[in-house]
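A.B. asks: Take a look at target.csv, CSV, C-alpha atoms:
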```csv
chain,number,residue,atom,x,y,z
I,388,MET,CA,-19.2,3.7,15.7
I,389,ASN,CA,-21.0,2.5,12.5
I,390,VAL,CA,-20.3,3.4,8.9
I,391,ASP,CA,-22.9,6.0,8.0
I,392,ALA,CA,-24.8,4.8,4.9
I,393,SER,CA,-25.3,8.5,3.9
I,394,LEU,CA,-21.6,8.6,3.1
I,395,ASP,CA,-22.3,6.8,-0.2
I,396,LYS,CA,-24.4,9.9,-1.3
I,397,THR,CA,-21.9,12.5,-0.1
I,398,PRO,CA,-20.7,14.7,-3.0
I,399,VAL,CA,-17.1,15.5,-3.6
I,400,ARG,CA,-16.3,18.5,-1.4
I,401,THR,CA,-13.8,21.0,-2.8
I,402,ILE,CA,-12.1,23.9,-1.1
I,403,GLY,CA,-9.5,26.4,-2.4
I,404,VAL,CA,-6.0,27.0,-1.0
I,405,ALA,CA,-7.2,30.2,0.7
I,406,GLU,CA,-10.0,28.2,2.4
I,407,LEU,CA,-7.5,25.6,3.5
I,408,ALA,CA,-5.2,28.2,4.9
I,409,ALA,CA,-8.1,29.7,6.8
I,410,GLY,CA,-8.9,26.4,8.5
I,411,ALA,CA,-11.8,25.1,6.3
I,412,ALA,CA,-10.5,21.5,6.5
I,413,HIS,CA,-10.1,21.6,10.3
I,414,LEU,CA,-13.7,21.3,11.4
I,415,PRO,CA,-14.3,18.3,13.6
I,416,LEU,CA,-14.0,15.0,11.7
I,417,LEU,CA,-16.6,13.3,13.9
I,418,THR,CA,-20.1,14.8,14.4
I,419,ASP,CA,-22.4,14.2,17.4
I,420,GLY,CA,-22.9,10.5,17.7
I,421,GLY,CA,-19.5,9.6,16.2
I,422,VAL,CA,-20.4,9.9,12.5
I,423,LEU,CA,-17.6,10.7,10.1
I,424,ASP,CA,-18.0,14.1,8.3
I,425,ALA,CA,-16.2,14.6,5.0
I,426,PRO,CA,-13.3,12.1,5.5
I,427,VAL,CA,-11.7,13.4,2.2
I,428,LEU,CA,-11.6,16.9,0.8
I,429,VAL,CA,-10.3,18.0,-2.6
I,430,VAL,CA,-8.1,21.1,-2.7
I,431,GLU,CA,-8.2,23.1,-5.9
I,432,LEU,CA,-4.7,24.2,-6.7
I,433,ASP,CA,-5.3,26.2,-9.9
I,434,GLY,CA,-4.8,29.9,-9.2
I,435,ALA,CA,-3.5,29.3,-5.7
I,436,PRO,CA,-2.2,32.5,-4.1
I,437,ASP,CA,1.6,32.3,-3.6
I,438,ASP,CA,1.4,34.2,-0.3
I,439,LEU,CA,-0.8,31.5,1.3
I,440,LEU,CA,1.0,28.4,0.2
I,441,SER,CA,3.2,28.1,3.3
I,442,VAL,CA,0.2,28.6,5.7
I,443,ALA,CA,-1.9,26.1,3.7
I,444,ALA,CA,0.9,23.5,3.8
I,445,ASP,CA,1.2,23.9,7.6
I,446,ARG,CA,-2.6,23.4,7.8
I,447,ALA,CA,-2.5,20.3,5.5
I,448,ARG,CA,0.2,18.6,7.7
I,449,ASP,CA,-2.1,19.0,10.7
I,450,CYS,CA,-5.3,17.8,9.1
I,451,ASP,CA,-7.4,14.8,10.3
I,452,ARG,CA,-8.9,14.4,6.8
I,453,LEU,CA,-7.4,13.1,3.6
I,454,LEU,CA,-6.6,16.1,1.4
I,455,ILE,CA,-6.3,15.5,-2.3
I,456,GLY,CA,-5.0,18.2,-4.6
I,457,ARG,CA,-6.4,18.9,-8.0
I,458,PHE,CA,-4.3,20.7,-10.6
I,459,GLY,CA,-5.8,21.2,-14.0
I,460,GLY,CA,-3.1,23.4,-15.4
I,461,SER,CA,-0.9,22.5,-18.4
I,462,ASP,CA,2.2,21.5,-16.5
I,463,ILE,CA,2.6,21.3,-12.7
I,464,GLU,CA,6.4,21.1,-13.1
I,465,GLU,CA,6.2,24.8,-14.3
I,466,ALA,CA,4.7,25.7,-10.9
I,467,PRO,CA,7.6,25.0,-8.5
I,468,GLU,CA,6.0,27.3,-5.9
I,469,LEU,CA,3.4,24.6,-5.2
I,470,GLY,CA,6.1,22.1,-4.1
I,471,LEU,CA,5.7,22.8,-0.4
I,472,LEU,CA,2.0,22.3,-0.5
I,473,LEU,CA,2.2,19.2,-2.8
I,474,ASP,CA,4.5,17.6,-0.2
I,475,ALA,CA,2.0,18.4,2.6
I,476,LEU,CA,-1.1,17.1,0.9
I,477,ASP,CA,-1.9,13.3,0.9
I,478,LEU,CA,-1.9,13.1,-2.9
I,479,THR,CA,-2.4,15.3,-5.9
I,480,TYR,CA,-3.9,14.4,-9.3
I,481,VAL,CA,-3.0,16.2,-12.5
I,482,ALA,CA,-4.3,15.9,-16.1
I,483,GLY,CA,-2.0,14.1,-18.4
I,484,PRO,CA,1.0,11.8,-17.9
I,485,ASP,CA,2.8,11.3,-14.6
I,486,PRO,CA,5.2,14.2,-13.7
I,487,ARG,CA,8.6,13.4,-12.3
I,488,GLU,CA,7.4,14.7,-9.0
I,489,ARG,CA,6.2,11.6,-7.0
I,490,THR,CA,3.7,13.6,-4.9
I,491,VAL,CA,1.6,13.6,-8.1
I,492,VAL,CA,-0.4,11.1,-10.1
I,493,GLY,CA,-1.2,11.8,-13.7
I,494,ALA,CA,-4.7,10.9,-15.1
I,495,ASP,CA,-6.2,10.8,-18.5
I,496,ASP,CA,-9.5,12.1,-17.0
I,497,LEU,CA,-8.7,14.3,-14.0
I,498,ASP,CA,-12.2,14.6,-12.6
I,499,GLU,CA,-12.9,10.9,-13.1
I,500,ALA,CA,-9.7,9.9,-11.2
I,501,ILE,CA,-10.6,12.2,-8.3
I,502,ALA,CA,-14.2,10.9,-8.2
I,503,GLY,CA,-12.9,7.4,-8.2
I,504,PHE,CA,-10.6,8.1,-5.3
I,505,VAL,CA,-13.3,9.9,-3.3
I,506,ALA,CA,-15.8,7.1,-3.9
I,507,ALA,CA,-13.3,4.5,-2.6
I,508,VAL,CA,-12.7,6.6,0.5
I,509,ILE,CA,-16.5,7.0,1.1
I,510,ARG,CA,-16.9,3.2,0.7
I,511,ASN,CA,-14.2,2.4,3.4
I,512,PRO,CA,-13.5,5.6,5.2
I,513,TYR,CA,-12.0,4.0,8.3
I,514,ALA,CA,-9.5,2.0,6.3
I,515,ALA,CA,-8.6,4.9,4.0
I,516,LEU,CA,-8.1,7.3,6.9
I,517,THR,CA,-6.0,4.7,8.7
I,518,ALA,CA,-3.9,4.2,5.6
I,519,GLY,CA,-3.2,7.9,5.4
I,520,GLN,CA,-2.3,8.1,9.1
I,521,VAL,CA,0.0,5.1,9.0
I,522,LEU,CA,1.8,6.4,5.9
I,523,ARG,CA,2.5,9.7,7.6
I,524,ALA,CA,3.4,8.2,10.9
I,525,ALA,CA,5.8,5.5,9.5
I,526,GLU,CA,7.5,7.8,6.9
I,527,THR,CA,10.6,8.5,9.0
I,528,LEU,CA,10.6,5.5,11.4
I,529,PRO,CA,13.1,2.7,11.1
I,530,VAL,CA,11.7,-0.3,9.2
I,531,PRO,CA,10.9,-2.5,12.3
I,532,ALA,CA,9.1,0.3,14.1
I,533,ALA,CA,7.2,1.3,11.0
I,534,ILE,CA,6.1,-2.3,10.5
I,535,ASP,CA,4.8,-2.3,14.1
I,536,VAL,CA,2.8,0.9,13.4
I,537,GLU,CA,1.3,-0.7,10.3
I,538,SER,CA,0.3,-3.9,12.2
I,539,LEU,CA,-1.3,-2.0,15.0
I,540,GLY,CA,-3.4,-0.1,12.4
I,541,TYR,CA,-4.2,-3.4,10.7
I,542,SER,CA,-5.3,-5.0,14.0
I,543,THR,CA,-7.6,-2.1,14.7
I,544,LEU,CA,-9.3,-2.4,11.4
I,545,GLN,CA,-9.8,-6.2,11.8
I,546,GLY,CA,-12.3,-5.3,14.5
I,547,GLY,CA,-14.0,-2.7,12.4
I,548,PRO,CA,-17.3,-2.7,10.5
I,549,GLU,CA,-15.7,-2.4,7.0
I,550,PHE,CA,-13.7,-5.6,7.3
I,551,HIS,CA,-16.7,-7.5,8.7
I,552,ARG,CA,-18.9,-6.2,5.9
I,553,TRP,CA,-16.3,-7.5,3.4
I,554,LEU,CA,-16.3,-10.9,5.2
I,555,ASP,CA,-20.1,-11.1,5.1
I,556,GLU,CA,-20.1,-10.2,1.4
I,557,ARG,CA,-17.5,-12.8,0.6
I,558,GLY,CA,-19.3,-15.5,2.5
I,559,PRO,CA,-17.9,-18.5,4.3
I,560,ARG,CA,-14.8,-20.3,2.8
I,561,PRO,CA,-13.2,-23.6,3.7
I,562,LEU,CA,-9.6,-23.5,5.0
I,563,PRO,CA,-7.0,-24.0,2.3
I,564,PRO,CA,-5.8,-27.6,2.0
I,565,PRO,CA,-2.3,-28.6,3.1
I,566,ALA,CA,0.5,-28.0,0.6
I,567,PRO,CA,0.9,-31.1,-1.6
I,568,GLN,CA,4.6,-30.4,-1.8
I,569,GLU,CA,7.2,-28.3,-0.1
I,570,PRO,CA,5.7,-24.7,-0.1
I,571,VAL,CA,9.1,-23.1,-0.5
I,572,LEU,CA,12.1,-24.6,-2.3
I,573,ILE,CA,15.8,-23.7,-1.5
I,574,ALA,CA,18.8,-24.3,-3.7
I,575,ARG,CA,22.4,-23.2,-3.2
I,576,ASP,CA,24.7,-22.3,-6.1
I,577,GLY,CA,28.1,-21.0,-4.9
I,578,ASP,CA,27.4,-18.0,-2.6
I,579,THR,CA,23.8,-17.6,-4.0
I,580,LEU,CA,20.8,-18.8,-2.2
I,581,HIS,CA,17.8,-19.4,-4.5
I,582,ILE,CA,14.4,-19.4,-2.9
I,583,THR,CA,11.3,-20.3,-4.8
I,584,LEU,CA,7.7,-19.9,-3.6
I,585,ASN,CA,6.2,-23.3,-4.5
I,586,ARG,CA,2.4,-23.3,-4.2
I,587,PRO,CA,1.5,-22.7,-7.9
I,588,GLU,CA,-1.9,-24.4,-7.3
I,589,ARG,CA,-2.8,-21.4,-5.1
I,590,ARG,CA,-0.8,-18.8,-7.1
I,591,ASN,CA,1.7,-18.8,-4.2
I,592,ALA,CA,-0.8,-17.1,-1.9
I,593,TYR,CA,0.9,-15.9,1.3
I,594,GLY,CA,-0.8,-18.2,3.6
I,595,THR,CA,0.4,-19.7,6.9
I,596,GLN,CA,2.4,-22.6,5.4
I,597,LEU,CA,4.1,-20.6,2.7
I,598,ARG,CA,4.8,-17.7,5.1
I,599,ASP,CA,6.5,-19.9,7.7
I,600,ALA,CA,8.5,-21.7,5.1
I,601,LEU,CA,9.7,-18.5,3.5
I,602,VAL,CA,10.7,-17.1,6.9
I,603,GLU,CA,12.7,-20.2,7.6
I,604,ALA,CA,14.4,-19.9,4.2
I,605,LEU,CA,15.3,-16.3,4.8
I,606,GLY,CA,16.6,-17.2,8.2
I,607,VAL,CA,19.2,-19.4,6.5
I,608,ALA,CA,20.6,-16.4,4.6
I,609,LEU,CA,20.7,-14.4,7.9
I,610,LEU,CA,22.6,-17.1,9.7
I,611,ASP,CA,25.1,-18.1,7.0
I,612,ASP,CA,27.7,-15.5,6.4
I,613,SER,CA,28.9,-17.4,3.3
I,614,ILE,CA,25.8,-16.4,1.4
I,615,GLY,CA,26.5,-13.3,-0.6
I,616,ARG,CA,23.3,-13.2,-2.7
I,617,VAL,CA,19.6,-14.2,-2.4
I,618,VAL,CA,17.3,-14.6,-5.4
I,619,LEU,CA,13.6,-15.0,-4.6
I,620,ASP,CA,11.1,-16.0,-7.3
I,621,GLY,CA,7.8,-18.0,-7.6
I,622,ALA,CA,6.7,-21.1,-9.4
I,623,GLY,CA,3.6,-21.2,-11.6
I,624,PRO,CA,1.6,-18.4,-13.3
I,625,SER,CA,2.1,-15.7,-10.7
I,626,PHE,CA,4.9,-14.8,-8.3
I,627,CYS,CA,2.4,-14.3,-5.4
I,628,ALA,CA,-1.3,-13.6,-5.3
I,629,GLY,CA,-1.2,-12.0,-1.9
I,630,GLY,CA,-2.6,-13.2,1.4
I,631,ASP,CA,-4.6,-16.4,1.2
I,632,LEU,CA,-8.2,-15.1,1.3
I,633,ASP,CA,-9.4,-18.4,2.7
I,634,GLU,CA,-7.5,-17.7,5.9
I,635,PHE,CA,-8.9,-14.1,6.4
I,636,GLY,CA,-11.2,-13.5,9.3
I,637,ARG,CA,-10.1,-16.7,11.2
I,638,THR,CA,-7.7,-15.1,13.7
I,639,PRO,CA,-9.3,-15.5,17.1
I,640,ASP,CA,-6.6,-13.4,18.9
I,641,THR,CA,-5.7,-10.1,17.2
I,642,ALA,CA,-2.9,-9.5,19.7
I,643,LEU,CA,-1.2,-12.8,18.8
I,644,ALA,CA,-1.8,-12.0,15.1
I,645,HIS,CA,0.0,-8.7,15.5
I,646,LEU,CA,3.1,-10.5,16.9
I,647,ILE,CA,3.0,-13.0,14.1
I,648,ARG,CA,2.8,-10.3,11.4
I,649,THR,CA,5.6,-8.3,12.9
I,650,ARG,CA,7.9,-11.0,14.4
I,651,GLY,CA,6.9,-14.0,12.2
I,652,GLY,CA,6.5,-12.3,8.8
I,653,ALA,CA,9.0,-12.1,5.9
I,654,GLY,CA,9.0,-8.3,5.4
I,655,ARG,CA,11.5,-7.5,8.2
I,656,LEU,CA,13.8,-10.3,7.1
I,657,VAL,CA,13.9,-9.1,3.5
I,658,ALA,CA,14.6,-5.6,4.7
I,659,ARG,CA,17.5,-6.9,6.7
I,660,LEU,CA,18.8,-8.8,3.7
I,661,ARG,CA,18.0,-5.8,1.3
I,662,ASP,CA,21.6,-5.4,-0.1
I,663,LEU,CA,21.8,-9.1,-0.9
I,664,THR,CA,18.3,-9.7,-2.3
I,665,GLU,CA,16.9,-9.7,-5.8
I,666,VAL,CA,13.3,-10.6,-6.4
I,667,ARG,CA,12.0,-11.8,-9.8
I,668,VAL,CA,8.3,-11.3,-10.1
I,669,HIS,CA,5.8,-12.2,-12.8
I,670,GLY,CA,2.1,-12.6,-13.3
I,671,HIS,CA,-0.2,-11.1,-10.7
I,672,CYS,CA,1.5,-9.6,-7.7
I,673,VAL,CA,-1.2,-8.8,-5.2
I,674,GLY,CA,-0.8,-7.4,-1.7
I,675,ALA,CA,2.0,-9.3,-0.1
I,676,GLY,CA,3.2,-10.2,-3.6
I,677,ILE,CA,4.6,-6.7,-3.9
I,678,GLU,CA,4.8,-5.6,-0.3
I,679,ILE,CA,7.5,-8.1,0.5
I,680,PRO,CA,9.5,-7.7,-2.7
I,681,ALA,CA,9.5,-3.9,-2.3
I,682,PHE,CA,11.9,-4.3,0.7
I,683,ALA,CA,14.5,-5.9,-1.5
I,684,GLY,CA,17.4,-4.1,-3.1
I,685,ARG,CA,16.4,-5.1,-6.6
I,686,ILE,CA,13.1,-6.2,-8.3
I,687,VAL,CA,13.1,-7.6,-11.8
I,688,ALA,CA,9.6,-8.0,-13.3
I,689,ALA,CA,8.4,-9.9,-16.4
I,690,PRO,CA,6.8,-7.6,-19.0
I,691,ASP,CA,3.3,-8.8,-18.2
I,692,THR,CA,3.5,-8.3,-14.5
I,693,VAL,CA,0.6,-6.6,-12.8
I,694,PHE,CA,0.7,-5.1,-9.3
I,695,ARG,CA,-2.3,-4.4,-7.1
I,696,LEU,CA,-2.9,-3.5,-3.4
I,697,PRO,CA,-6.6,-4.2,-2.6
I,698,GLU,CA,-6.6,-4.2,1.2
I,699,VAL,CA,-8.4,-0.9,1.7
I,700,SER,CA,-11.3,-2.2,-0.4
I,701,MET,CA,-11.5,-5.1,2.1
I,702,GLY,CA,-11.7,-2.7,5.0
I,703,LEU,CA,-8.0,-3.1,5.9
I,704,ILE,CA,-4.6,-1.7,5.1
I,705,PRO,CA,-1.6,-3.6,3.7
I,706,GLY,CA,-0.4,-6.0,6.4
I,707,ALA,CA,2.8,-7.6,5.1
I,708,GLY,CA,4.8,-4.4,5.3
I,709,GLY,CA,3.4,-2.6,2.3
I,710,THR,CA,2.8,0.7,4.1
I,711,VAL,CA,6.6,0.7,4.8
I,712,SER,CA,8.2,-0.9,1.7
I,713,VAL,CA,6.1,0.6,-1.1
I,714,PRO,CA,6.2,4.3,-0.1
I,715,ARG,CA,10.0,4.0,0.4
I,716,ARG,CA,10.2,3.2,-3.3
I,717,ILE,CA,7.5,5.4,-4.8
I,718,GLY,CA,6.6,8.0,-2.1
I,719,ARG,CA,3.6,8.0,0.3
I,720,TRP,CA,1.5,9.9,-2.1
I,721,ARG,CA,1.5,7.4,-4.9
I,722,ALA,CA,1.3,4.6,-2.4
I,723,LEU,CA,-1.9,6.1,-1.0
I,724,HIS,CA,-3.3,6.2,-4.6
I,725,LEU,CA,-2.6,2.5,-5.0
I,726,PHE,CA,-3.9,1.6,-1.6
I,727,VAL,CA,-7.2,3.5,-1.7
I,728,THR,CA,-8.1,2.9,-5.4
I,729,ALA,CA,-6.8,-0.7,-5.6
I,730,VAL,CA,-6.0,0.1,-9.2
I,731,ALA,CA,-3.8,-2.3,-11.2
I,732,LEU,CA,-0.3,-1.1,-12.1
I,733,GLY,CA,1.5,-2.5,-15.1
I,734,ALA,CA,5.2,-3.1,-15.3
I,735,GLU,CA,5.9,0.0,-17.4
I,736,ARG,CA,4.4,2.4,-15.0
I,737,ALA,CA,5.8,0.5,-12.0
I,738,LEU,CA,9.3,1.0,-13.5
I,739,SER,CA,8.8,4.7,-14.1
I,740,TRP,CA,7.6,5.1,-10.5
I,741,GLY,CA,10.5,3.1,-9.1
I,742,LEU,CA,8.4,0.3,-7.7
I,743,ILE,CA,10.5,-2.1,-9.7
I,744,ASP,CA,14.1,-1.7,-11.0
I,745,GLU,CA,14.0,-3.6,-14.3
I,746,ILE,CA,11.7,-5.2,-16.8
I,747,ALA,CA,13.2,-8.6,-17.8
I,748,GLY,CA,14.5,-8.8,-21.4
I,749,ARG,CA,15.2,-5.0,-21.7
```
Write out the structure in this file as structure tokens.

C.D. replies:
Amino acid sequence: MNVDASLDKTPVRTIGVAELAAGAAHLPLLTDGGVLDAPVLVVELDGAPDDLLSVAADRARDCDRLLIGRFGGSDIEEAPELGLLLDALDLTYVAGPDPRERTVVGADDLDEAIAGFVAAVIRNPYAALTAGQVLRAAETLPVPAAIDVESLGYSTLQGGPEFHRWLDERGPRPLPPPAPQEPVLIARDGDTLHITLNRPERRNAYGTQLRDALVEALGVALLDDSIGRVVLDGAGPSFCAGGDLDEFGRTPDTALAHLIRTRGGAGRLVARLRDLTEVRVHGHCVGAGIEIPAFAGRIVAAPDTVFRLPEVSMGLIPGAGGTVSVPRRIGRWRALHLFVTAVALGAERALSWGLIDEIAGR
């Protein structure tokens, strides 16, 4: 199937709760010829009839499309009857600051936020839909199984038109040079193992050399029972700028790549070491730069830290465990917002959402 260019001109489609309950979102997702029809729908929540909320929630849980709630009322926390439906939707936007409820994202301009989300879905509908599917499927799975689901979705998208369009737009890139020094440093202080990502010249990009060295270092903590604490940080201006883009698109064997991501990546190891591990982040933490830390028991961020998950904009989904680690900290709803929009998240909002546990110096 090809991405239909007409999607770029598709207006935001909005339905009411009564229409959702009546099955308006359950028309076939694929038209004749395999063209996507309305991969995302906006559900207007203002004035929702109480007697239809349960039925609408059941419909939302069983929908093939992304369903994004819109609430323009003064305070969604004063509408507890909406809770069941908010939980069932993929995400809801409200006007104003973030509520405590993690199914919801606050926005200064409600319609602008929704239009931005819809435009991002329309640009990369396969990746956005896959992100939503993986988030739902992995929500209740054990971490290793959930990482497997993520990687299978990632491998599927590697063969899709959206990722190949991104590669074409990026253009050819040379392979990254070998590390001029040890890509990961290890130091022992009593029962504490200190691990430092050490490719500052590449902003500690999570490329093959750094990944393998990090996995080896984490393996030390798993094998040595005398280690009671692991501290992970990064040298240079950023903790980790995500996957090394110069390596993207070079995997000749997606089946092998799946096994490397799931059995040779750092995410599962940090999850196993969760209770021992503190990650200290700073600068730009992109993709794997927050996906892997989010598995840790504690994340401390410098005040100027910025987080971003841009994979959907590349025609992919997070592939270093982010569809597992991030939603277990902030919920699948806000995770989908970050994945689809690729918006930058500052330390203050990250702290209020629970993506990090402390801002250094506070």

A.B. asks: Could you state the separation of CA of Asp633 (chain I) and CA of Gly706 (chain I) in Å, given to one decimal place?

C.D. replies: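 So the two atoms, CA of Asp633 (chain I) and CA of Gly706 (chain I), lie 15.8 Å apart.
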
A.B. asks: Of the residues I:Pro531, I:Gly459, I:Pro639, I:Pro564, which is the one nearest to Gln545 (chain I), using all atoms listed in the file?

C.D. replies: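 Among I:Pro531, I:Gly459, I:Pro639, I:Pro564, it is I:Pro639 that comes nearest to Gln545 (chain I).
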
A.B. asks: Rank nothing, just name the residue among I:Ile582, I:Val711, I:Leu610, I:Gly718 nearest to Ala524 (chain I), using all atoms listed in the file.

C.D. replies: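 Looking at the shortest contact to Ala524 (chain I), the residue is I:Val711.
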
A.B. asks: Could you tell me how far CA of His724 (chain I) sits from CA of Ala466 (chain I), in Å to one decimal place?

C.D. replies: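 Between CA of Ala466 (chain I) and CA of His724 (chain I) the gap works out to 22.0 Å.
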
A.B. asks: What does the distance between CA of Val492 (chain I) and CA of Leu516 (chain I) come to in Å, to one decimal place?

C.D. replies: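 Between CA of Val492 (chain I) and CA of Leu516 (chain I) the gap is 19.0 Å.
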
A.B. asks: Do you know which residues are at most 10 Å from Glu464 (chain I) counting only C-alpha atoms, after dropping those on the same chain fewer than 3 positions away, and could you put them as a ChimeraX atom specification?

C.D. replies: /I:461,467-470,486-488

A.B. asks: Closest to Pro714 (chain I) among I:Leu601, I:Ala608, I:Ala502, I:Leu742, using all atoms listed in the file?

C.D. replies: I:Leu742

A.B. asks: What's the 9 Å shell around Asn511 (chain I), counting all atoms listed in the file, without same-chain residues fewer than 3 positions away, as a PyMOL selection string?

C.D. replies: chain I and resi 390+506-508+514-516+549-550+699-703+727

A.B. asks: Which residue gives the smallest distance to Ile455 (chain I) among I:Ala482, I:Cys627, I:Leu619, I:Leu723, with only C-alpha atoms counted?

C.D. replies: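 Looking only at the distances to Ile455 (chain I), the closest residue turns out to be I:Leu723.
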
A.B. asks: Pick out the closest residue to Gly652 (chain I) from this set: I:Ala604, I:Val693, I:Val668, I:Ile686. Count all atoms listed in the file.

C.D. replies: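 Smallest distance to Gly652 (chain I) is found for I:Ala604.
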
A.B. asks: Compute the distance from (-7.7, 20.1, 10.4) to each atom, counting all atoms listed in the file, keep the residues with any atom at most 8 Å away, and return them as a PDB file with C-alpha atoms, in the coordinates of the input; use the coordinates of the file.

C.D. replies:
```
ATOM      1  CA  GLY I 410      -8.900  26.400   8.500  1.00  0.00           C
ATOM      2  CA  ALA I 411     -11.800  25.100   6.300  1.00  0.00           C
ATOM      3  CA  ALA I 412     -10.500  21.500   6.500  1.00  0.00           C
ATOM      4  CA  HIS I 413     -10.100  21.600  10.300  1.00  0.00           C
ATOM      5  CA  LEU I 414     -13.700  21.300  11.400  1.00  0.00           C
ATOM      6  CA  PRO I 415     -14.300  18.300  13.600  1.00  0.00           C
ATOM      7  CA  ARG I 446      -2.600  23.400   7.800  1.00  0.00           C
ATOM      8  CA  ALA I 447      -2.500  20.300   5.500  1.00  0.00           C
ATOM      9  CA  ASP I 449      -2.100  19.000  10.700  1.00  0.00           C
ATOM     10  CA  CYS I 450      -5.300  17.800   9.100  1.00  0.00           C
ATOM     11  CA  ASP I 451      -7.400  14.800  10.300  1.00  0.00           C
ATOM     12  CA  ARG I 452      -8.900  14.400   6.800  1.00  0.00           C
TER      13      ARG I 452
END
```

A.B. asks: Find, counting all atoms listed in the file, the residue in I:Leu572, I:Leu696, I:Leu643, I:Val429 that gets nearest to Val730 (chain I).

C.D. replies: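 Once distances to Val730 (chain I) are computed over all atoms listed in the file, the minimum belongs to I:Leu696.
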